[in-house]
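This is work19.csv (CSV, C-alpha atoms).
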```
chain,number,residue,atom,x,y,z
A,1,MET,CA,127.0,109.9,88.4
A,2,MET,CA,129.2,110.2,91.4
A,3,LEU,CA,129.5,107.3,93.9
A,4,THR,CA,131.0,107.6,97.3
A,5,SER,CA,133.7,105.3,98.6
A,6,SER,CA,133.1,106.2,102.2
A,7,ASN,CA,132.0,103.4,104.5
A,8,ARG,CA,128.3,103.1,105.1
A,9,ILE,CA,126.1,100.5,106.8
A,10,ARG,CA,125.2,97.9,104.2
A,11,ASP,CA,124.0,94.4,104.5
A,12,ILE,CA,126.6,93.1,102.0
A,13,GLU,CA,128.0,89.6,102.2
A,14,ARG,CA,131.8,89.6,102.3
A,15,LYS,CA,132.1,86.2,100.6
A,16,PRO,CA,134.1,86.5,97.4
A,17,GLU,CA,131.5,84.8,95.2
A,18,TYR,CA,129.0,87.5,96.1
A,19,LEU,CA,131.3,90.3,94.9
A,20,HIS,CA,131.7,89.1,91.3
A,21,PRO,CA,129.0,90.0,88.8
A,22,ASP,CA,129.6,86.9,86.8
A,23,ASN,CA,127.4,85.0,89.2
A,24,CYS,CA,124.4,87.2,88.6
A,25,VAL,CA,121.7,86.0,86.3
A,26,PRO,CA,120.3,88.5,83.7
A,27,PRO,CA,117.5,90.8,84.9
A,28,PRO,CA,113.9,89.6,84.4
A,29,SER,CA,112.1,90.2,81.2
A,30,PRO,CA,110.1,93.5,80.8
A,31,ASP,CA,106.9,91.4,80.7
A,32,SER,CA,107.5,90.0,84.1
A,33,MET,CA,108.4,93.4,85.6
A,34,ASN,CA,105.1,94.8,84.4
A,35,ARG,CA,103.0,92.4,86.5
A,36,MET,CA,100.9,93.6,89.4
A,37,TRP,CA,102.9,94.0,92.5
A,38,PHE,CA,101.8,91.5,95.1
A,39,ILE,CA,103.8,89.8,97.9
A,40,ARG,CA,103.0,86.1,98.3
A,41,ASP,CA,103.5,85.9,102.1
A,42,GLY,CA,101.1,83.8,104.1
A,43,CYS,CA,101.4,85.9,107.3
A,44,GLY,CA,100.9,89.2,105.3
A,45,ILE,CA,98.0,87.9,103.4
A,46,ALA,CA,96.3,86.7,106.6
A,47,CYS,CA,96.9,90.1,108.2
A,48,ALA,CA,95.5,91.9,105.2
A,49,VAL,CA,92.3,89.7,105.2
A,50,ILE,CA,91.9,90.3,109.0
A,51,THR,CA,92.2,94.0,108.4
A,52,TRP,CA,89.3,94.0,105.9
A,53,MET,CA,87.2,91.7,108.0
A,54,LEU,CA,87.6,94.1,111.0
A,55,VAL,CA,86.5,97.1,108.9
A,56,ILE,CA,83.5,95.1,107.6
A,57,TYR,CA,82.6,94.1,111.1
A,58,ALA,CA,82.7,97.8,112.2
A,59,GLU,CA,80.5,98.7,109.2
A,60,PHE,CA,78.0,96.0,110.2
A,61,VAL,CA,77.7,97.2,113.8
A,62,VAL,CA,77.6,100.9,113.0
A,63,ILE,CA,74.9,100.5,110.3
A,64,CYS,CA,72.8,97.6,111.5
A,65,VAL,CA,73.1,98.1,115.3
A,66,MET,CA,73.4,101.8,115.8
A,67,LEU,CA,72.2,103.8,112.7
A,68,ILE,CA,69.3,102.0,111.2
A,69,PRO,CA,67.4,101.6,114.5
A,70,SER,CA,67.9,105.3,115.2
A,71,ARG,CA,64.8,107.5,115.1
A,72,ASP,CA,66.8,110.5,114.2
A,73,LEU,CA,67.0,110.5,110.4
A,74,VAL,CA,69.5,113.4,110.2
A,75,TYR,CA,71.8,111.8,112.7
A,76,THR,CA,71.7,108.5,110.7
A,77,ILE,CA,72.4,110.1,107.4
A,78,ILE,CA,75.2,112.4,108.5
A,79,ASN,CA,77.0,109.7,110.5
A,80,GLY,CA,76.4,107.1,107.9
A,81,VAL,CA,77.9,109.2,105.1
A,82,ILE,CA,80.9,110.2,107.2
A,83,PHE,CA,81.7,106.7,108.5
A,84,ASN,CA,81.2,105.0,105.2
A,85,ALA,CA,83.2,107.5,103.3
A,86,CYS,CA,86.2,107.2,105.7
A,87,ALA,CA,85.9,103.4,105.7
A,88,PHE,CA,85.9,103.3,101.9
A,89,LEU,CA,89.0,105.6,101.7
A,90,ALA,CA,90.7,103.5,104.4
A,91,LEU,CA,90.2,100.3,102.4
A,92,ALA,CA,91.2,102.0,99.1
A,93,SER,CA,94.4,103.3,100.8
A,94,HIS,CA,95.1,99.8,102.1
A,95,SER,CA,94.7,98.3,98.6
A,96,ARG,CA,97.0,101.0,97.1
A,97,ALA,CA,99.6,100.5,99.8
A,98,MET,CA,99.5,96.7,99.3
A,99,LEU,CA,99.4,96.6,95.5
A,100,THR,CA,101.9,99.4,94.7
A,101,ASP,CA,105.5,98.7,94.1
A,102,PRO,CA,107.2,100.4,97.1
A,103,GLY,CA,110.3,101.3,95.1
A,104,ALA,CA,111.9,97.9,94.3
A,105,VAL,CA,115.3,98.1,92.7
A,106,PRO,CA,115.5,96.1,89.4
A,107,LYS,CA,116.4,92.5,90.4
A,108,GLY,CA,119.5,90.9,88.9
A,109,ASN,CA,120.9,94.0,87.3
A,110,ALA,CA,124.4,93.6,88.9
A,111,THR,CA,125.6,91.9,85.7
A,112,LYS,CA,129.0,92.5,84.2
A,113,GLU,CA,127.5,94.1,81.2
A,114,PHE,CA,125.4,96.6,83.2
A,115,ILE,CA,128.3,97.6,85.5
A,116,GLU,CA,130.4,98.2,82.4
A,117,SER,CA,127.7,100.4,80.9
A,118,LEU,CA,127.9,102.7,84.0
A,119,GLN,CA,131.4,103.7,82.9
A,120,LEU,CA,132.6,104.0,86.4
A,121,LYS,CA,135.7,106.1,87.0
A,122,PRO,CA,138.7,104.8,89.0
A,123,GLY,CA,138.0,104.9,92.7
A,124,GLN,CA,134.2,104.9,92.3
A,125,VAL,CA,132.3,102.3,94.3
A,126,VAL,CA,129.1,100.6,93.5
A,127,TYR,CA,127.3,98.6,96.2
A,128,LYS,CA,125.7,95.3,95.2
A,129,CYS,CA,123.2,93.3,97.2
A,130,PRO,CA,124.2,89.7,97.3
A,131,LYS,CA,120.7,88.5,98.2
A,132,CYS,CA,118.9,89.9,95.1
A,133,CYS,CA,122.0,90.5,93.0
A,134,SER,CA,121.1,94.1,92.2
A,135,ILE,CA,123.0,97.3,92.3
A,136,LYS,CA,122.0,98.9,95.6
A,137,PRO,CA,121.1,102.6,95.5
A,138,ASP,CA,121.9,104.9,98.4
A,139,ARG,CA,119.2,104.7,101.2
A,140,ALA,CA,118.0,101.3,99.9
A,141,HIS,CA,117.7,98.3,102.1
A,142,HIS,CA,117.0,94.6,101.4
A,143,CYS,CA,113.7,93.2,102.6
A,144,SER,CA,113.8,89.5,103.5
A,145,VAL,CA,110.0,89.2,103.0
A,146,CYS,CA,109.7,91.0,99.6
A,147,ARG,CA,113.1,89.5,98.6
A,148,ARG,CA,114.0,92.8,97.0
A,149,CYS,CA,116.0,96.0,97.7
A,150,ILE,CA,113.5,98.8,98.4
A,151,ARG,CA,114.4,102.5,97.9
A,152,LYS,CA,113.9,104.5,101.1
A,153,MET,CA,112.5,101.5,102.9
A,154,ASP,CA,110.9,102.5,106.2
A,155,HIS,CA,109.7,99.0,107.3
A,156,HIS,CA,107.8,96.0,106.2
A,157,CYS,CA,104.2,96.1,107.4
A,158,PRO,CA,102.4,92.7,107.5
A,159,TRP,CA,99.0,94.6,107.8
A,160,VAL,CA,99.4,95.8,104.3
A,161,ASN,CA,101.4,92.8,103.2
A,162,ASN,CA,104.1,95.0,101.7
A,163,CYS,CA,107.1,97.2,102.4
A,164,VAL,CA,106.5,100.9,103.1
A,165,GLY,CA,109.0,102.7,100.8
A,166,GLU,CA,109.5,105.6,98.4
A,167,THR,CA,106.5,105.1,96.2
A,168,ASN,CA,103.7,103.8,98.5
A,169,GLN,CA,104.4,105.7,101.7
A,170,LYS,CA,101.6,108.2,101.0
A,171,PHE,CA,99.0,105.4,100.8
A,172,PHE,CA,100.2,103.8,104.0
A,173,VAL,CA,100.0,107.2,105.8
A,174,LEU,CA,96.4,107.7,104.5
A,175,PHE,CA,95.5,104.2,105.6
A,176,THR,CA,96.6,104.8,109.2
A,177,MET,CA,94.9,108.2,109.2
A,178,TYR,CA,91.5,107.0,107.9
A,179,ILE,CA,91.6,103.9,110.2
A,180,ALA,CA,92.2,106.2,113.2
A,181,LEU,CA,89.3,108.5,112.1
A,182,ILE,CA,86.8,105.7,111.7
A,183,SER,CA,88.0,104.2,115.0
A,184,LEU,CA,87.4,107.5,116.8
A,185,HIS,CA,84.1,108.0,115.1
A,186,ALA,CA,82.9,104.5,116.0
A,187,LEU,CA,83.9,105.0,119.7
A,188,ILE,CA,81.9,108.3,119.8
A,189,MET,CA,78.8,106.6,118.3
A,190,VAL,CA,79.1,103.7,120.7
A,191,GLY,CA,79.1,106.1,123.6
A,192,VAL,CA,76.1,108.0,122.2
A,193,HIS,CA,74.2,104.7,121.6
A,194,PHE,CA,74.8,103.4,125.1
A,195,LEU,CA,73.4,106.7,126.5
A,196,TYR,CA,70.4,106.4,124.2
A,197,CYS,CA,69.7,102.8,125.2
A,198,PHE,CA,70.0,103.6,128.9
A,199,GLU,CA,67.4,106.4,128.5
A,200,GLU,CA,65.1,104.3,126.2
A,201,ASP,CA,64.0,100.7,126.3
A,202,TRP,CA,66.8,98.4,125.2
A,203,THR,CA,64.3,96.4,123.1
A,204,THR,CA,63.6,99.5,120.9
A,205,CYS,CA,67.1,100.9,120.5
A,206,SER,CA,68.4,98.0,118.4
A,207,SER,CA,67.2,95.4,116.0
A,208,PHE,CA,69.0,92.7,118.1
A,209,SER,CA,68.3,91.4,121.6
A,210,PRO,CA,69.8,93.5,124.4
A,211,PRO,CA,72.5,90.9,125.3
A,212,THR,CA,73.6,90.6,121.6
A,213,THR,CA,73.6,94.4,121.2
A,214,VAL,CA,75.8,94.9,124.3
A,215,ILE,CA,78.2,92.2,123.1
A,216,LEU,CA,78.5,93.7,119.6
A,217,LEU,CA,79.0,97.2,121.0
A,218,ILE,CA,81.6,96.1,123.5
A,219,LEU,CA,83.6,94.2,120.8
A,220,LEU,CA,83.4,97.3,118.5
A,221,CYS,CA,84.5,99.5,121.4
A,222,PHE,CA,87.5,97.2,122.1
A,223,GLU,CA,88.4,97.1,118.4
A,224,GLY,CA,88.1,100.9,117.9
A,225,LEU,CA,90.2,101.7,121.0
A,226,LEU,CA,92.9,99.2,120.0
A,227,PHE,CA,93.2,100.4,116.4
A,228,LEU,CA,92.8,104.1,117.4
A,229,ILE,CA,95.9,103.9,119.6
A,230,PHE,CA,97.9,101.7,117.1
A,231,THR,CA,97.2,103.7,114.0
A,232,SER,CA,97.5,107.1,115.7
A,233,VAL,CA,101.0,106.2,116.9
A,234,MET,CA,101.9,104.8,113.5
A,235,PHE,CA,100.5,107.9,111.7
A,236,GLY,CA,102.5,110.3,114.0
A,237,THR,CA,105.6,108.2,113.5
A,238,GLN,CA,105.3,108.2,109.7
A,239,VAL,CA,104.6,112.0,109.5
A,240,HIS,CA,107.7,112.6,111.7
A,241,SER,CA,109.8,110.3,109.5
A,242,ILE,CA,108.6,112.2,106.4
A,243,CYS,CA,109.3,115.6,107.9
A,244,THR,CA,112.8,114.7,109.0
A,245,ASP,CA,113.5,112.8,105.8
A,246,GLU,CA,114.8,109.8,107.8
A,247,THR,CA,113.3,106.3,107.4
A,248,GLY,CA,112.6,104.0,110.3
A,249,ILE,CA,115.5,101.8,109.4
A,250,GLU,CA,117.9,104.7,109.1
A,251,GLN,CA,116.8,105.9,112.6
A,252,LEU,CA,117.2,102.3,114.0
A,253,LYS,CA,120.7,101.9,112.5
A,254,LYS,CA,121.6,105.5,113.2
A,255,GLU,CA,123.0,105.9,109.7
A,256,GLU,CA,125.1,108.9,109.0
A,257,ARG,CA,123.2,111.4,106.9
A,258,LYS,CA,124.6,111.6,103.4
A,259,TRP,CA,121.7,113.2,101.6
A,260,ALA,CA,120.8,116.9,101.3
A,261,LYS,CA,118.7,118.4,104.0
A,262,LYS,CA,115.3,119.9,103.0
A,263,THR,CA,112.6,121.8,104.8
A,264,LYS,CA,109.7,119.8,106.4
A,265,TRP,CA,107.3,121.2,103.8
A,266,MET,CA,109.5,120.1,100.9
A,267,ASN,CA,109.7,116.6,102.4
A,268,LEU,CA,105.9,116.4,102.7
A,269,LYS,CA,105.5,117.5,99.1
A,270,ALA,CA,108.1,114.9,98.0
A,271,VAL,CA,105.8,112.2,99.4
A,272,PHE,CA,102.3,113.5,98.8
A,273,GLY,CA,102.9,115.5,95.6
A,274,HIS,CA,103.4,119.0,94.5
A,275,PRO,CA,101.6,121.4,94.8
A,276,PHE,CA,99.5,121.0,97.9
A,277,SER,CA,95.9,120.1,97.0
A,278,ILE,CA,92.9,118.0,98.1
A,279,SER,CA,94.6,115.1,96.2
A,280,TRP,CA,96.9,114.7,99.2
A,281,LEU,CA,93.9,113.1,101.0
A,282,SER,CA,93.0,110.8,98.0
A,283,PRO,CA,94.4,107.3,97.7
A,284,PHE,CA,93.5,107.4,94.0
A,285,ALA,CA,95.9,110.3,93.2
A,286,THR,CA,99.5,109.1,92.6
A,287,PRO,CA,101.9,111.9,93.4
A,288,GLU,CA,104.3,113.0,90.7
A,289,GLN,CA,107.4,112.7,92.8
A,290,GLY,CA,110.7,113.9,91.6
A,291,LYS,CA,112.5,110.7,92.3
A,292,THR,CA,116.3,110.6,92.3
A,293,ASP,CA,118.1,108.4,89.8
A,294,GLN,CA,118.1,105.0,91.4
A,295,TYR,CA,121.8,104.5,90.8
A,296,GLN,CA,122.9,107.9,92.0
A,297,TYR,CA,124.9,108.2,95.2
A,298,VAL,CA,125.9,111.2,97.3
A,299,VAL,CA,129.5,112.2,97.0
```

Go ahead and render the structure in this file as structure tokens.
Amino acid sequence: MMLTSSNRIRDIERKPEYLHPDNCVPPPSPDSMNRMWFIRDGCGIACAVITWMLVIYAEFVVICVMLIPSRDLVYTIINGVIFNACAFLALASHSRAMLTDPGAVPKGNATKEFIESLQLKPGQVVYKCPKCCSIKPDRAHHCSVCRRCIRKMDHHCPWVNNCVGETNQKFFVLFTMYIALISLHALIMVGVHFLYCFEEDWTTCSSFSPPTTVILLILLCFEGLLFLIFTSVMFGTQVHSICTDETGIEQLKKEERKWAKKTKWMNLKAVFGHPFSISWLSPFATPEQGKTDQYQYVV
């Protein structure tokens, strides 16, 4: 494996004690590494719970306030199936993004024994993260919340209580897409329901009192508009990042490109899987990504 000795932007401490592998404890046992990935961050957990509560609230208003009181059975069935299917896929994508290892580098592997096993040639350089004491692959960055180095880390998202990295970016993109779809769908149904209630008697167009119905619809409208804008922007940003093969951190730091340039279609397949299929839209399908050796650097 070839490692570059060129200068790159790295969050490496320059204190001497961080540069010696003797201070690194041995890597965790295999049993501990096989545990379910979950970040114990209070803010992230709260944001994740709020996300689920907002989707459940939207489900309640759409079903109980707008669809069940509707006299049009076809309208109720079609919109109910579409909205609930997208909401289910959104929550499934959220769970996969939250509980999937984003590409964490093995912690504590920067030991003297492991470095010697790499059989580095004279002049070759290996980068070590002083914070998690691990050998730092190219394009990896340390997350202060996850307390790990993450391969191709884009950013840490509190709404999914996890980093968005090499192995869970697909699920995060699907989460933003499905949330944007149900937000748009809810806004359209709110508009239709308001028109229906204006034409009919407010007491017959909902199971709730008119003031309660108006309040519930206005809150859903505000929620849908807010999340439609937020997730649409995030979805577009993520797709652009994938197509250009440049993470958010790399764009922010303006890091010099040291990796091979590929076509946009190849970059999309690297994240969503090869070949193109309906599984691209499924949060239950884990793409078989041809991942690069986590210790390989570009010459």

Tell me, in Å to one decimal, how far atom CA of A:Ala58 is from atom CA of A:Ile39.
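Atom CA of A:Ile39 lies 26.7 Å from atom CA of A:Ala58.
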
Can you tell me which residues surround A:Gly191 at a distance of at most 12 Å, considering only C-alpha atoms, apart from same-chain residues fewer than 3 positions away, and format the answer as a CSV table (one decimal) with C-alpha atoms, in the frame of the given file?
```
chain,number,residue,atom,x,y,z
A,62,VAL,CA,77.6,100.9,113.0
A,66,MET,CA,73.4,101.8,115.8
A,184,LEU,CA,87.4,107.5,116.8
A,185,HIS,CA,84.1,108.0,115.1
A,186,ALA,CA,82.9,104.5,116.0
A,187,LEU,CA,83.9,105.0,119.7
A,188,ILE,CA,81.9,108.3,119.8
A,194,PHE,CA,74.8,103.4,125.1
A,195,LEU,CA,73.4,106.7,126.5
A,196,TYR,CA,70.4,106.4,124.2
A,197,CYS,CA,69.7,102.8,125.2
A,198,PHE,CA,70.0,103.6,128.9
A,214,VAL,CA,75.8,94.9,124.3
A,217,LEU,CA,79.0,97.2,121.0
A,218,ILE,CA,81.6,96.1,123.5
A,220,LEU,CA,83.4,97.3,118.5
A,221,CYS,CA,84.5,99.5,121.4
A,224,GLY,CA,88.1,100.9,117.9
```

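Here the question is which of A:Pro211, A:Asn79, A:Glu223, A:Asn161 gets nearest to A:Met53 using all atoms listed in the file, and that residue is A:Glu223.
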
How close does stretch 78-173 of chain A get to stretch 273-290 of chain A? List, as a tab-separated table, each residue of stretch 78-173 of chain A within 9 Å, its nearest atom pair and the distance in Å to one decimal, counting all atoms listed in the file.
```
residue	atom	partner	partner_atom	distance
A:Leu89	CA	A:Pro283	CA	6.9
A:Ala90	CA	A:Pro283	CA	8.5
A:Ala92	CA	A:Pro283	CA	6.3
A:Ser93	CA	A:Pro283	CA	5.1
A:His94	CA	A:Pro283	CA	8.7
A:Arg96	CA	A:Pro283	CA	6.8
A:Ala97	CA	A:Pro283	CA	8.8
A:Thr167	CA	A:Gln289	CA	8.4
A:Asn168	CA	A:Thr286	CA	9.0
A:Lys170	CA	A:Pro283	CA	8.0
A:Phe171	CA	A:Pro283	CA	5.9
```

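Counting all atoms listed in the file and comparing A:Asp138, A:Ser209, A:Arg35, A:Leu91, the residue that lies closest to A:Phe175 is A:Leu91.
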
Counting only C-alpha atoms, the residue of A:Arg139, A:Asn162, A:Phe222, A:Ser117 that sits nearest A:Glu246
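Selected residue with least distance to A:Glu246: A:Arg139.
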
Quick one: of A:Ile179, A:Met234, A:Cys149, A:Leu225, who's nearest to A:Val55, counting only C-alpha atoms?
A:Ile179

Would you pick out the contacts of A:Lys136 at 8 Å or less, using all atoms listed in the file, so that residues sharing its chain but fewer than 3 positions from it are not included, and give the list as a ChimeraX atom specification?
/A:105,126-129,140-141,149,295
